[in-house]
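Data file: upload_30.pdb. Format and content: PDB, C-alpha atoms and all ligand atoms.
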MODEL        1
ATOM      1  CA  THR X 257     -17.709  42.063 -16.055  1.00  0.00           C
ATOM      2  CA  VAL X 258     -13.998  42.520 -16.548  1.00  0.00           C
ATOM      3  CA  TYR X 259     -12.309  45.826 -15.689  1.00  0.00           C
ATOM      4  CA  SER X 260      -8.807  46.933 -16.598  1.00  0.00           C
ATOM      5  CA  ASP X 261      -7.855  47.223 -12.937  1.00  0.00           C
ATOM      6  CA  GLN X 262      -9.248  46.715  -9.465  1.00  0.00           C
ATOM      7  CA  LYS X 263      -9.563  50.434  -8.789  1.00  0.00           C
ATOM      8  CA  ALA X 264     -11.976  50.985 -11.675  1.00  0.00           C
ATOM      9  CA  ALA X 265     -13.892  47.834 -10.693  1.00  0.00           C
ATOM     10  CA  SER X 266     -14.111  48.867  -7.031  1.00  0.00           C
ATOM     11  CA  ILE X 267     -15.389  52.334  -7.936  1.00  0.00           C
ATOM     12  CA  ALA X 268     -18.071  50.767 -10.155  1.00  0.00           C
ATOM     13  CA  VAL X 269     -19.205  48.387  -7.379  1.00  0.00           C
ATOM     14  CA  ALA X 270     -19.270  51.235  -4.830  1.00  0.00           C
ATOM     15  CA  GLN X 271     -21.370  53.280  -7.256  1.00  0.00           C
ATOM     16  CA  ARG X 272     -23.902  50.459  -7.525  1.00  0.00           C
ATOM     17  CA  ILE X 273     -24.113  50.226  -3.742  1.00  0.00           C
ATOM     18  CA  ALA X 274     -24.574  54.002  -3.555  1.00  0.00           C
ATOM     19  CA  ASP X 275     -27.305  53.882  -6.227  1.00  0.00           C
ATOM     20  CA  LEU X 276     -29.127  51.179  -4.264  1.00  0.00           C
ATOM     21  CA  ILE X 277     -28.890  53.169  -1.017  1.00  0.00           C
ATOM     22  CA  ARG X 278     -30.143  56.344  -2.727  1.00  0.00           C
ATOM     23  CA  SER X 279     -33.035  54.653  -4.519  1.00  0.00           C
ATOM     24  CA  LYS X 280     -34.171  53.054  -1.251  1.00  0.00           C
ATOM     25  CA  GLN X 281     -33.824  56.411   0.481  1.00  0.00           C
ATOM     26  CA  ALA X 282     -35.970  58.080  -2.172  1.00  0.00           C
ATOM     27  CA  ALA X 283     -38.640  55.416  -1.590  1.00  0.00           C
ATOM     28  CA  GLY X 284     -38.437  55.884   2.203  1.00  0.00           C
ATOM     29  CA  GLN X 285     -37.045  52.371   2.613  1.00  0.00           C
ATOM     30  CA  LYS X 286     -33.999  50.749   4.163  1.00  0.00           C
ATOM     31  CA  ALA X 287     -31.234  49.125   2.108  1.00  0.00           C
ATOM     32  CA  VAL X 288     -30.142  45.740   3.480  1.00  0.00           C
ATOM     33  CA  LEU X 289     -26.552  44.991   2.515  1.00  0.00           C
ATOM     34  CA  GLY X 290     -24.549  41.792   2.910  1.00  0.00           C
ATOM     35  CA  LEU X 291     -20.904  42.727   3.438  1.00  0.00           C
ATOM     36  CA  ALA X 292     -17.627  40.856   3.093  1.00  0.00           C
ATOM     37  CA  THR X 293     -14.159  41.166   4.582  1.00  0.00           C
ATOM     38  CA  GLY X 294     -10.706  40.381   3.197  1.00  0.00           C
ATOM     39  CA  VAL X 295      -8.409  42.475   1.031  1.00  0.00           C
ATOM     40  CA  THR X 296     -10.755  42.348  -1.969  1.00  0.00           C
ATOM     41  CA  PRO X 297     -13.503  44.812  -0.879  1.00  0.00           C
ATOM     42  CA  ILE X 298     -11.195  47.333   0.838  1.00  0.00           C
ATOM     43  CA  ARG X 299     -11.208  49.772  -2.092  1.00  0.00           C
ATOM     44  CA  VAL X 300     -14.984  49.498  -2.421  1.00  0.00           C
ATOM     45  CA  TYR X 301     -15.307  50.564   1.213  1.00  0.00           C
ATOM     46  CA  ALA X 302     -12.772  53.365   0.701  1.00  0.00           C
ATOM     47  CA  GLU X 303     -14.841  54.662  -2.206  1.00  0.00           C
ATOM     48  CA  LEU X 304     -18.055  54.485  -0.139  1.00  0.00           C
ATOM     49  CA  VAL X 305     -16.311  56.518   2.579  1.00  0.00           C
ATOM     50  CA  ARG X 306     -15.275  59.056  -0.080  1.00  0.00           C
ATOM     51  CA  LEU X 307     -18.855  59.240  -1.401  1.00  0.00           C
ATOM     52  CA  HIS X 308     -20.051  59.849   2.170  1.00  0.00           C
ATOM     53  CA  LYS X 309     -17.491  62.567   2.910  1.00  0.00           C
ATOM     54  CA  GLU X 310     -17.404  64.321  -0.447  1.00  0.00           C
ATOM     55  CA  GLU X 311     -20.802  63.678  -1.989  1.00  0.00           C
ATOM     56  CA  GLY X 312     -23.051  63.438   1.047  1.00  0.00           C
ATOM     57  CA  LEU X 313     -24.007  59.784   0.658  1.00  0.00           C
ATOM     58  CA  SER X 314     -25.809  58.896   3.885  1.00  0.00           C
ATOM     59  CA  PHE X 315     -25.942  55.431   5.428  1.00  0.00           C
ATOM     60  CA  LYS X 316     -28.698  56.302   7.892  1.00  0.00           C
ATOM     61  CA  ASN X 317     -31.151  54.024   6.069  1.00  0.00           C
ATOM     62  CA  VAL X 318     -28.651  51.168   5.698  1.00  0.00           C
ATOM     63  CA  ILE X 319     -28.749  47.839   7.534  1.00  0.00           C
ATOM     64  CA  THR X 320     -25.735  45.562   7.195  1.00  0.00           C
ATOM     65  CA  PHE X 321     -25.086  41.883   7.766  1.00  0.00           C
ATOM     66  CA  ASN X 322     -21.538  40.603   7.528  1.00  0.00           C
ATOM     67  CA  LEU X 323     -20.916  37.199   6.059  1.00  0.00           C
ATOM     68  CA  ASP X 324     -18.705  35.734   8.718  1.00  0.00           C
ATOM     69  CA  GLU X 325     -16.436  35.954  11.754  1.00  0.00           C
ATOM     70  CA  TYR X 326     -13.714  33.739  13.131  1.00  0.00           C
ATOM     71  CA  TYR X 327     -14.669  31.626  16.147  1.00  0.00           C
ATOM     72  CA  PRO X 328     -13.669  32.178  18.823  1.00  0.00           C
ATOM     73  CA  MET X 329     -12.828  35.825  18.305  1.00  0.00           C
ATOM     74  CA  LYS X 330     -12.999  38.890  20.553  1.00  0.00           C
ATOM     75  CA  PRO X 331     -14.549  41.858  18.719  1.00  0.00           C
ATOM     76  CA  ASP X 332     -11.707  44.191  19.733  1.00  0.00           C
ATOM     77  CA  ALA X 333      -8.930  41.836  18.538  1.00  0.00           C
ATOM     78  CA  ASP X 334      -6.828  43.168  15.635  1.00  0.00           C
ATOM     79  CA  GLN X 335      -7.861  40.262  13.408  1.00  0.00           C
ATOM     80  CA  SER X 336     -11.580  40.325  14.138  1.00  0.00           C
ATOM     81  CA  TYR X 337     -13.938  41.158  11.314  1.00  0.00           C
ATOM     82  CA  VAL X 338     -15.546  43.686  13.678  1.00  0.00           C
ATOM     83  CA  THR X 339     -12.234  45.578  13.820  1.00  0.00           C
ATOM     84  CA  PHE X 340     -11.835  45.221  10.047  1.00  0.00           C
ATOM     85  CA  MET X 341     -15.294  46.634   9.312  1.00  0.00           C
ATOM     86  CA  ASN X 342     -14.923  49.474  11.810  1.00  0.00           C
ATOM     87  CA  GLU X 343     -11.526  50.502  10.452  1.00  0.00           C
ATOM     88  CA  ASN X 344     -12.414  50.207   6.782  1.00  0.00           C
ATOM     89  CA  LEU X 345     -16.001  51.451   6.790  1.00  0.00           C
ATOM     90  CA  PHE X 346     -18.215  51.856   9.820  1.00  0.00           C
ATOM     91  CA  ASP X 347     -16.054  54.338  11.791  1.00  0.00           C
ATOM     92  CA  HIS X 348     -16.012  56.695   8.796  1.00  0.00           C
ATOM     93  CA  ILE X 349     -19.696  56.820   7.814  1.00  0.00           C
ATOM     94  CA  ASP X 350     -22.987  57.736   9.488  1.00  0.00           C
ATOM     95  CA  VAL X 351     -24.400  54.213   9.769  1.00  0.00           C
ATOM     96  CA  ASP X 352     -26.346  53.573  12.981  1.00  0.00           C
ATOM     97  CA  LYS X 353     -24.286  50.909  14.780  1.00  0.00           C
ATOM     98  CA  ALA X 354     -27.574  49.335  15.921  1.00  0.00           C
ATOM     99  CA  ASN X 355     -28.137  48.459  12.249  1.00  0.00           C
ATOM    100  CA  VAL X 356     -24.792  46.648  11.942  1.00  0.00           C
ATOM    101  CA  HIS X 357     -24.740  42.852  12.321  1.00  0.00           C
ATOM    102  CA  ILE X 358     -21.626  40.679  12.442  1.00  0.00           C
ATOM    103  CA  PRO X 359     -21.587  37.059  13.665  1.00  0.00           C
ATOM    104  CA  ASP X 360     -20.577  36.955  17.334  1.00  0.00           C
ATOM    105  CA  GLY X 361     -17.231  35.271  17.916  1.00  0.00           C
ATOM    106  CA  THR X 362     -17.602  35.404  21.702  1.00  0.00           C
ATOM    107  CA  LEU X 363     -20.551  33.005  22.107  1.00  0.00           C
ATOM    108  CA  ALA X 364     -20.410  29.982  24.382  1.00  0.00           C
ATOM    109  CA  PRO X 365     -20.405  26.819  22.221  1.00  0.00           C
ATOM    110  CA  ASP X 366     -23.916  25.911  23.392  1.00  0.00           C
ATOM    111  CA  ASP X 367     -25.287  29.247  22.216  1.00  0.00           C
ATOM    112  CA  VAL X 368     -23.926  29.188  18.663  1.00  0.00           C
ATOM    113  CA  ALA X 369     -26.756  27.249  17.000  1.00  0.00           C
ATOM    114  CA  ALA X 370     -29.463  29.541  18.410  1.00  0.00           C
ATOM    115  CA  PHE X 371     -27.457  32.617  17.424  1.00  0.00           C
ATOM    116  CA  CYS X 372     -27.122  31.337  13.840  1.00  0.00           C
ATOM    117  CA  LEU X 373     -30.845  30.708  13.558  1.00  0.00           C
ATOM    118  CA  ALA X 374     -31.580  34.174  14.946  1.00  0.00           C
ATOM    119  CA  TYR X 375     -29.153  35.716  12.414  1.00  0.00           C
ATOM    120  CA  GLU X 376     -31.106  34.090   9.579  1.00  0.00           C
ATOM    121  CA  HIS X 377     -34.419  35.244  11.055  1.00  0.00           C
ATOM    122  CA  LYS X 378     -33.183  38.797  11.479  1.00  0.00           C
ATOM    123  CA  ILE X 379     -32.230  38.994   7.795  1.00  0.00           C
ATOM    124  CA  GLU X 380     -35.680  37.678   6.821  1.00  0.00           C
ATOM    125  CA  GLU X 381     -37.500  40.010   9.228  1.00  0.00           C
ATOM    126  CA  LEU X 382     -35.789  43.005   7.671  1.00  0.00           C
ATOM    127  CA  GLY X 383     -36.954  41.949   4.228  1.00  0.00           C
ATOM    128  CA  GLY X 384     -33.934  39.948   3.058  1.00  0.00           C
ATOM    129  CA  LEU X 385     -30.628  41.082   1.588  1.00  0.00           C
ATOM    130  CA  ASP X 386     -30.935  43.529  -1.303  1.00  0.00           C
ATOM    131  CA  LEU X 387     -27.317  43.037  -2.297  1.00  0.00           C
ATOM    132  CA  GLN X 388     -24.621  40.649  -1.116  1.00  0.00           C
ATOM    133  CA  ILE X 389     -21.020  41.353  -1.977  1.00  0.00           C
ATOM    134  CA  LEU X 390     -18.517  38.510  -1.937  1.00  0.00           C
ATOM    135  CA  GLY X 391     -14.836  37.794  -2.283  1.00  0.00           C
ATOM    136  CA  ILE X 392     -13.565  34.293  -2.968  1.00  0.00           C
ATOM    137  CA  GLY X 393     -11.027  32.206  -1.106  1.00  0.00           C
ATOM    138  CA  ARG X 394      -8.529  30.003  -2.920  1.00  0.00           C
ATOM    139  CA  THR X 395     -10.471  26.922  -1.747  1.00  0.00           C
ATOM    140  CA  GLY X 396     -13.495  28.285  -3.615  1.00  0.00           C
ATOM    141  CA  HIS X 397     -15.130  29.414  -0.406  1.00  0.00           C
ATOM    142  CA  ILE X 398     -17.676  32.220  -0.315  1.00  0.00           C
ATOM    143  CA  GLY X 399     -18.043  33.639   3.169  1.00  0.00           C
ATOM    144  CA  PHE X 400     -16.400  30.766   5.001  1.00  0.00           C
ATOM    145  CA  ASN X 401     -18.373  28.073   3.140  1.00  0.00           C
ATOM    146  CA  GLU X 402     -15.500  25.690   2.623  1.00  0.00           C
ATOM    147  CA  PRO X 403     -15.439  22.626   0.332  1.00  0.00           C
ATOM    148  CA  GLY X 404     -18.195  20.258   1.447  1.00  0.00           C
ATOM    149  CA  SER X 405     -20.737  23.044   2.041  1.00  0.00           C
ATOM    150  CA  ALA X 406     -24.237  22.240   0.838  1.00  0.00           C
ATOM    151  CA  PRO X 407     -26.090  24.559  -1.563  1.00  0.00           C
ATOM    152  CA  ASN X 408     -28.935  25.011   0.925  1.00  0.00           C
ATOM    153  CA  SER X 409     -26.668  25.535   3.973  1.00  0.00           C
ATOM    154  CA  GLY X 410     -27.636  28.221   6.468  1.00  0.00           C
ATOM    155  CA  THR X 411     -25.666  30.298   8.957  1.00  0.00           C
ATOM    156  CA  ARG X 412     -23.583  27.922  11.050  1.00  0.00           C
ATOM    157  CA  LEU X 413     -20.291  27.087  12.733  1.00  0.00           C
ATOM    158  CA  VAL X 414     -17.768  25.636  10.271  1.00  0.00           C
ATOM    159  CA  THR X 415     -14.240  24.250  10.345  1.00  0.00           C
ATOM    160  CA  LEU X 416     -11.745  26.207   8.266  1.00  0.00           C
ATOM    161  CA  ASP X 417      -9.807  24.550   5.492  1.00  0.00           C
ATOM    162  CA  ASP X 418      -6.044  24.223   5.961  1.00  0.00           C
ATOM    163  CA  LEU X 419      -5.387  26.421   2.888  1.00  0.00           C
ATOM    164  CA  THR X 420      -7.686  29.138   4.271  1.00  0.00           C
ATOM    165  CA  ARG X 421      -5.768  29.083   7.558  1.00  0.00           C
ATOM    166  CA  ARG X 422      -2.449  29.268   5.697  1.00  0.00           C
ATOM    167  CA  ASP X 423      -3.717  32.252   3.709  1.00  0.00           C
ATOM    168  CA  ALA X 424      -4.732  33.955   6.976  1.00  0.00           C
ATOM    169  CA  ALA X 425      -1.437  33.118   8.739  1.00  0.00           C
ATOM    170  CA  ARG X 426       0.144  36.496   7.987  1.00  0.00           C
ATOM    171  CA  ASP X 427      -2.656  38.374   9.777  1.00  0.00           C
ATOM    172  CA  PHE X 428      -2.268  36.179  12.844  1.00  0.00           C
ATOM    173  CA  GLY X 429       1.532  35.873  12.986  1.00  0.00           C
ATOM    174  CA  GLY X 430       1.504  32.172  12.065  1.00  0.00           C
ATOM    175  CA  LYS X 431      -1.011  29.532  11.019  1.00  0.00           C
ATOM    176  CA  GLU X 432      -1.047  28.051  14.515  1.00  0.00           C
ATOM    177  CA  ASN X 433      -2.703  31.257  15.769  1.00  0.00           C
ATOM    178  CA  VAL X 434      -5.499  31.223  13.162  1.00  0.00           C
ATOM    179  CA  PRO X 435      -8.748  29.973  14.697  1.00  0.00           C
ATOM    180  CA  THR X 436      -9.816  26.570  13.374  1.00  0.00           C
ATOM    181  CA  LYS X 437     -13.465  27.580  13.171  1.00  0.00           C
ATOM    182  CA  ALA X 438     -15.719  30.384  12.014  1.00  0.00           C
ATOM    183  CA  ILE X 439     -19.379  31.349  11.962  1.00  0.00           C
ATOM    184  CA  THR X 440     -20.555  31.996   8.406  1.00  0.00           C
ATOM    185  CA  MET X 441     -23.746  32.704   6.523  1.00  0.00           C
ATOM    186  CA  GLY X 442     -24.524  29.627   4.445  1.00  0.00           C
ATOM    187  CA  VAL X 443     -24.542  29.201   0.678  1.00  0.00           C
ATOM    188  CA  GLY X 444     -28.351  29.142   0.953  1.00  0.00           C
ATOM    189  CA  THR X 445     -28.343  32.399   2.950  1.00  0.00           C
ATOM    190  CA  ILE X 446     -26.192  34.085   0.293  1.00  0.00           C
ATOM    191  CA  PHE X 447     -28.416  32.746  -2.505  1.00  0.00           C
ATOM    192  CA  LYS X 448     -31.494  34.417  -1.053  1.00  0.00           C
ATOM    193  CA  ALA X 449     -29.966  37.863  -1.680  1.00  0.00           C
ATOM    194  CA  ARG X 450     -31.770  39.673  -4.504  1.00  0.00           C
ATOM    195  CA  GLU X 451     -28.452  40.534  -6.122  1.00  0.00           C
ATOM    196  CA  ILE X 452     -24.983  39.041  -5.628  1.00  0.00           C
ATOM    197  CA  ILE X 453     -21.667  40.545  -6.729  1.00  0.00           C
ATOM    198  CA  LEU X 454     -18.525  38.424  -6.405  1.00  0.00           C
ATOM    199  CA  MET X 455     -15.287  40.356  -6.800  1.00  0.00           C
ATOM    200  CA  ALA X 456     -11.793  39.038  -7.449  1.00  0.00           C
ATOM    201  CA  TRP X 457      -8.528  40.731  -8.291  1.00  0.00           C
ATOM    202  CA  SER X 458      -5.075  39.512  -9.323  1.00  0.00           C
ATOM    203  CA  ALA X 459      -3.623  36.468 -11.043  1.00  0.00           C
ATOM    204  CA  LYS X 460      -3.560  34.646  -7.692  1.00  0.00           C
ATOM    205  CA  LYS X 461      -7.343  34.299  -7.990  1.00  0.00           C
ATOM    206  CA  ALA X 462      -7.367  33.309 -11.704  1.00  0.00           C
ATOM    207  CA  PRO X 463      -7.400  29.494 -11.190  1.00  0.00           C
ATOM    208  CA  ILE X 464     -10.233  29.547  -8.645  1.00  0.00           C
ATOM    209  CA  ILE X 465     -12.208  32.033 -10.772  1.00  0.00           C
ATOM    210  CA  ARG X 466     -11.905  29.669 -13.738  1.00  0.00           C
ATOM    211  CA  GLN X 467     -13.190  26.800 -11.606  1.00  0.00           C
ATOM    212  CA  ALA X 468     -15.995  28.897 -10.106  1.00  0.00           C
ATOM    213  CA  VAL X 469     -17.235  30.153 -13.482  1.00  0.00           C
ATOM    214  CA  GLU X 470     -16.493  27.233 -15.793  1.00  0.00           C
ATOM    215  CA  GLY X 471     -15.945  24.213 -13.552  1.00  0.00           C
ATOM    216  CA  GLU X 472     -18.358  21.434 -12.730  1.00  0.00           C
ATOM    217  CA  ILE X 473     -20.916  22.495 -10.118  1.00  0.00           C
ATOM    218  CA  SER X 474     -19.916  20.759  -6.924  1.00  0.00           C
ATOM    219  CA  SER X 475     -19.743  21.285  -3.187  1.00  0.00           C
ATOM    220  CA  GLU X 476     -15.988  20.704  -3.591  1.00  0.00           C
ATOM    221  CA  VAL X 477     -15.839  24.290  -4.908  1.00  0.00           C
ATOM    222  CA  PRO X 478     -18.775  26.039  -3.197  1.00  0.00           C
ATOM    223  CA  ALA X 479     -18.485  29.134  -5.426  1.00  0.00           C
ATOM    224  CA  THR X 480     -19.566  26.931  -8.388  1.00  0.00           C
ATOM    225  CA  PHE X 481     -23.076  26.961  -6.896  1.00  0.00           C
ATOM    226  CA  LEU X 482     -23.244  30.589  -8.035  1.00  0.00           C
ATOM    227  CA  GLN X 483     -23.566  29.216 -11.607  1.00  0.00           C
ATOM    228  CA  LEU X 484     -27.077  28.120 -10.617  1.00  0.00           C
ATOM    229  CA  SER X 485     -28.212  31.649  -9.851  1.00  0.00           C
ATOM    230  CA  ASP X 486     -29.528  34.181 -12.365  1.00  0.00           C
ATOM    231  CA  HIS X 487     -28.775  37.168 -10.163  1.00  0.00           C
ATOM    232  CA  VAL X 488     -25.024  36.855  -9.730  1.00  0.00           C
ATOM    233  CA  GLU X 489     -22.360  38.977 -11.343  1.00  0.00           C
ATOM    234  CA  PHE X 490     -18.627  38.301 -11.223  1.00  0.00           C
ATOM    235  CA  VAL X 491     -16.691  41.580 -11.219  1.00  0.00           C
ATOM    236  CA  LEU X 492     -13.059  40.892 -12.086  1.00  0.00           C
ATOM    237  CA  ASP X 493      -9.873  42.635 -13.044  1.00  0.00           C
ATOM    238  CA  VAL X 494      -8.100  41.390 -16.181  1.00  0.00           C
ATOM    239  CA  ASP X 495      -5.655  39.300 -14.165  1.00  0.00           C
ATOM    240  CA  ALA X 496      -8.340  37.419 -12.210  1.00  0.00           C
ATOM    241  CA  ALA X 497     -10.172  36.820 -15.509  1.00  0.00           C
ATOM    242  CA  SER X 498      -7.016  35.690 -17.353  1.00  0.00           C
ATOM    243  CA  GLN X 499      -7.842  31.966 -17.287  1.00  0.00           C
ATOM    244  CA  LEU X 500     -11.443  32.268 -18.488  1.00  0.00           C
TER     245      LEU X 500
HETATM  246  C1  LIG T   1     -11.708  35.281   3.911  1.00  0.00           C
HETATM  247  C2  LIG T   1     -13.157  35.742   4.035  1.00  0.00           C
HETATM  248  C3  LIG T   1     -13.877  35.681   2.726  1.00  0.00           C
HETATM  249  C4  LIG T   1     -13.015  36.318   1.656  1.00  0.00           C
HETATM  250  C5  LIG T   1     -11.738  35.521   1.474  1.00  0.00           C
HETATM  251  C6  LIG T   1     -10.809  36.085   0.419  1.00  0.00           C
HETATM  252  O1  LIG T   1     -11.557  33.945   4.127  1.00  0.00           O
HETATM  253  N1  LIG T   1     -13.908  35.024   5.010  1.00  0.00           N
HETATM  254  O2  LIG T   1     -15.143  36.306   2.838  1.00  0.00           O
HETATM  255  O3  LIG T   1     -13.713  36.388   0.447  1.00  0.00           O
HETATM  256  O4  LIG T   1     -11.060  35.480   2.688  1.00  0.00           O
HETATM  257  O5  LIG T   1      -9.986  37.053   1.003  1.00  0.00           O
HETATM  258  P1  LIG T   1      -9.185  38.145   0.235  1.00  0.00           P
HETATM  259  O6  LIG T   1     -10.210  39.118  -0.265  1.00  0.00           O
HETATM  260  O7  LIG T   1      -8.295  38.762   1.270  1.00  0.00           O
HETATM  261  O8  LIG T   1      -8.454  37.477  -0.859  1.00  0.00           O
ENDMDL
END

Here is the file; what I need is its structure written in the form of structure tokens.
Ligand code: GLP
Amino acid sequence: TVYSDQKAASIAVAQRIADLIRSKQAAGQKAVLGLATGVTPIRVYAELVRLHKEEGLSFKNVITFNLDEYYPMKPDADQSYVTFMNENLFDHIDVDKANVHIPDGTLAPDDVAAFCLAYEHKIEELGGLDLQILGIGRTGHIGFNEPGSAPNSGTRLVTLDDLTRRDAARDFGGKENVPTKAITMGVGTIFKAREIILMAWSAKKAPIIRQAVEGEISSEVPATFLQLSDHVEFVLDVDAASQL
């Protein structure tokens, strides 16, 4: 779906999230959301905060799982995805923090594999993800599933691509300060979500969107695996869609 601008697109995505939360609420159920970081979803979160404050949307029945976190990373660091999520969403809504899950960037190396397995199990135990929202990196990564990621990959420790680290350099005051690794949900984890929405804005994303939507399906561009799913929607602004 192509929108004239990212604001209209973000409001539409936020509305769909709100509809899901409300329909689950009406059925006495929890909504299990997969959340993303980066610049792309910021306006979606801002709109959800507005819906909470002005229209009484409650997040009391919402469980969240974030896609990824840098490794190593302290939760209270400026660049952590914990800080990002708190500042952009969680601190402004009534979600129960016990229902919030973000990969732990403070684990000892020996504990990472068990943590990743437990993260997968937790998602399953809670009934699976109702909706996963995604951005896309210029390498074609979803979450931090960089080129080389397998379609059935699970939550795991990965090495970040050089381009991804260059793109993150501004947040860290130089590429040398960007962690070389991250913990991410896998392509397979993302695929299990009952609905997936990938968002992209601006001409900067146009080449990778063209590859993701029209390119050959390959682990060289992990987002191309989304072509294999029948429950994925790309939500774009006109600039991101300009090379389709
Ligand atoms: C990061 C995140 C991804 C995100 C991507 C794009 O690497 N791990 O989940 O989709 O960047 O970021 P942005 O939305 O800032 O362009």

Q.
Which residue is closest to ligand LIG 1 (chain T)? Choose from X:Ser336, X:Thr257, X:Thr296, X:Gln281 and count all atoms listed in the file.
A.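 Closest residue, counting all atoms listed in the file: X:Thr296.
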
**Q.** the PyMOL selection byres (((chain X and resi 439-448) around 7) and not hetatm) applied to the shown file, residues as a PyMOL selection string
**A.** chain X and resi 323-327+359+388+399-401+406-414+438+449-450

Q: Would you mind reading off the distance between atom C3 of ligand LIG 1 (chain T) and CA of Val351 (chain X), one decimal, in Å?
A: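 These two atoms are separated by 22.4 Å.
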
Q. Which is closer to ligand LIG 1 (chain T) than all the others in X:Met455, X:Leu484, X:Ala265, X:Leu500, using only C-alpha atoms and all ligand atoms?
A. X:Met455

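Considering only C-alpha atoms, the residue among X:Asp417, X:Glu343, X:Asp332, X:Glu451 positioned nearest to Gly290 (chain X) is X:Glu451.
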
Q: Just the residues within 10 Å of His308 (chain X), please, counting all atoms listed in the file, with nothing from its chain fewer than 6 positions along; format it as a ChimeraX atom specification.
A: /X:274,302,314-315,348-350

Q | Nearby residues, ligand LIG 1 (chain T), 6 Å, all atoms listed in the file, as a PyMOL selection string | A | chain X and resi 292-296+390-393+398-400

Set the distance at 12 Å and use only C-alpha atoms: which residues neighbour Ser266 (chain X) once local chain neighbours fewer than 3 positions away are removed? I'd like the list as a CSV table (one decimal) with C-alpha atoms, in the frame of the given file.
chain,number,residue,atom,x,y,z
X,257,THR,CA,-17.7,42.1,-16.1
X,258,VAL,CA,-14.0,42.5,-16.5
X,259,TYR,CA,-12.3,45.8,-15.7
X,260,SER,CA,-8.8,46.9,-16.6
X,261,ASP,CA,-7.9,47.2,-12.9
X,262,GLN,CA,-9.2,46.7,-9.5
X,263,LYS,CA,-9.6,50.4,-8.8
X,269,VAL,CA,-19.2,48.4,-7.4
X,270,ALA,CA,-19.3,51.2,-4.8
X,271,GLN,CA,-21.4,53.3,-7.3
X,272,ARG,CA,-23.9,50.5,-7.5
X,273,ILE,CA,-24.1,50.2,-3.7
X,295,VAL,CA,-8.4,42.5,1.0
X,296,THR,CA,-10.8,42.3,-2.0
X,297,PRO,CA,-13.5,44.8,-0.9
X,298,ILE,CA,-11.2,47.3,0.8
X,299,ARG,CA,-11.2,49.8,-2.1
X,300,VAL,CA,-15.0,49.5,-2.4
X,301,TYR,CA,-15.3,50.6,1.2
X,302,ALA,CA,-12.8,53.4,0.7
X,303,GLU,CA,-14.8,54.7,-2.2
X,304,LEU,CA,-18.1,54.5,-0.1
X,389,ILE,CA,-21.0,41.4,-2.0
X,453,ILE,CA,-21.7,40.5,-6.7
X,454,LEU,CA,-18.5,38.4,-6.4
X,455,MET,CA,-15.3,40.4,-6.8
X,456,ALA,CA,-11.8,39.0,-7.4
X,457,TRP,CA,-8.5,40.7,-8.3
X,491,VAL,CA,-16.7,41.6,-11.2
X,492,LEU,CA,-13.1,40.9,-12.1
X,493,ASP,CA,-9.9,42.6,-13.0

Q.
Taking 4 positions as the minimum chain separation for residues in the same chain, which residues sit within 8 Å of Val477 (chain X) when counting only C-alpha atoms? Answer as a list in words.
A.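 Close residues of Val477 (chain X): Thr395, Gly396, His397, Glu402, Pro403, Gly404, Gln467, Ala468, Ile473 and Phe481 of chain X.
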
Restricting it to C-alpha atoms, dump the selection as a short mmCIF file (atom, residue, chain, number, x, y, z; two decimals), in the frame of the given file.
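This is the output file part27.cif:
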data_model
loop_
_atom_site.label_atom_id
_atom_site.label_comp_id
_atom_site.auth_asym_id
_atom_site.auth_seq_id
_atom_site.Cartn_x
_atom_site.Cartn_y
_atom_site.Cartn_z
CA THR X 395 -10.47 26.92 -1.75
CA GLY X 396 -13.50 28.28 -3.62
CA HIS X 397 -15.13 29.41 -0.41
CA GLU X 402 -15.50 25.69 2.62
CA PRO X 403 -15.44 22.63 0.33
CA GLY X 404 -18.20 20.26 1.45
CA GLN X 467 -13.19 26.80 -11.61
CA ALA X 468 -16.00 28.90 -10.11
CA ILE X 473 -20.92 22.50 -10.12
CA PHE X 481 -23.08 26.96 -6.90
#

**Q.** Given the PyMOL selection byres (((chain X and resi 321) around 6) and not hetatm), the residues it picks as a list in words
**A.** Gly290, Thr320, Asn322, His357 and Ile358 of chain X

How big is the axis-aligned box around the listed atoms of region 391-402 of chain X once 4 Å is added on each side, and where is its centre? Give both in Å to one decimal, as lines of an AutoDock Vina configuration file.
center_x = -13.5
center_y = 31.7
center_z = 0.7
size_x = 17.8
size_y = 20.1
size_z = 16.6

Q) Rounded to one decimal in Å, what is the spacing between CA of Asp418 (chain X) and CA of Arg394 (chain X)? A)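 CA of Asp418 (chain X) sits 10.9 Å away from CA of Arg394 (chain X).
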
Q: Mind giving me the straight-line distance from CA of Asn355 (chain X) to CA of Ile267 (chain X) in Å, one decimal?
A: 24.2 Å

Q | Chain and number of each residue from the PyMOL selection byres (((chain X and resi 328) around 7) and not hetatm), as an MDAnalysis selection string | A | chainID X and resid 326:327 329:330 361:362 435
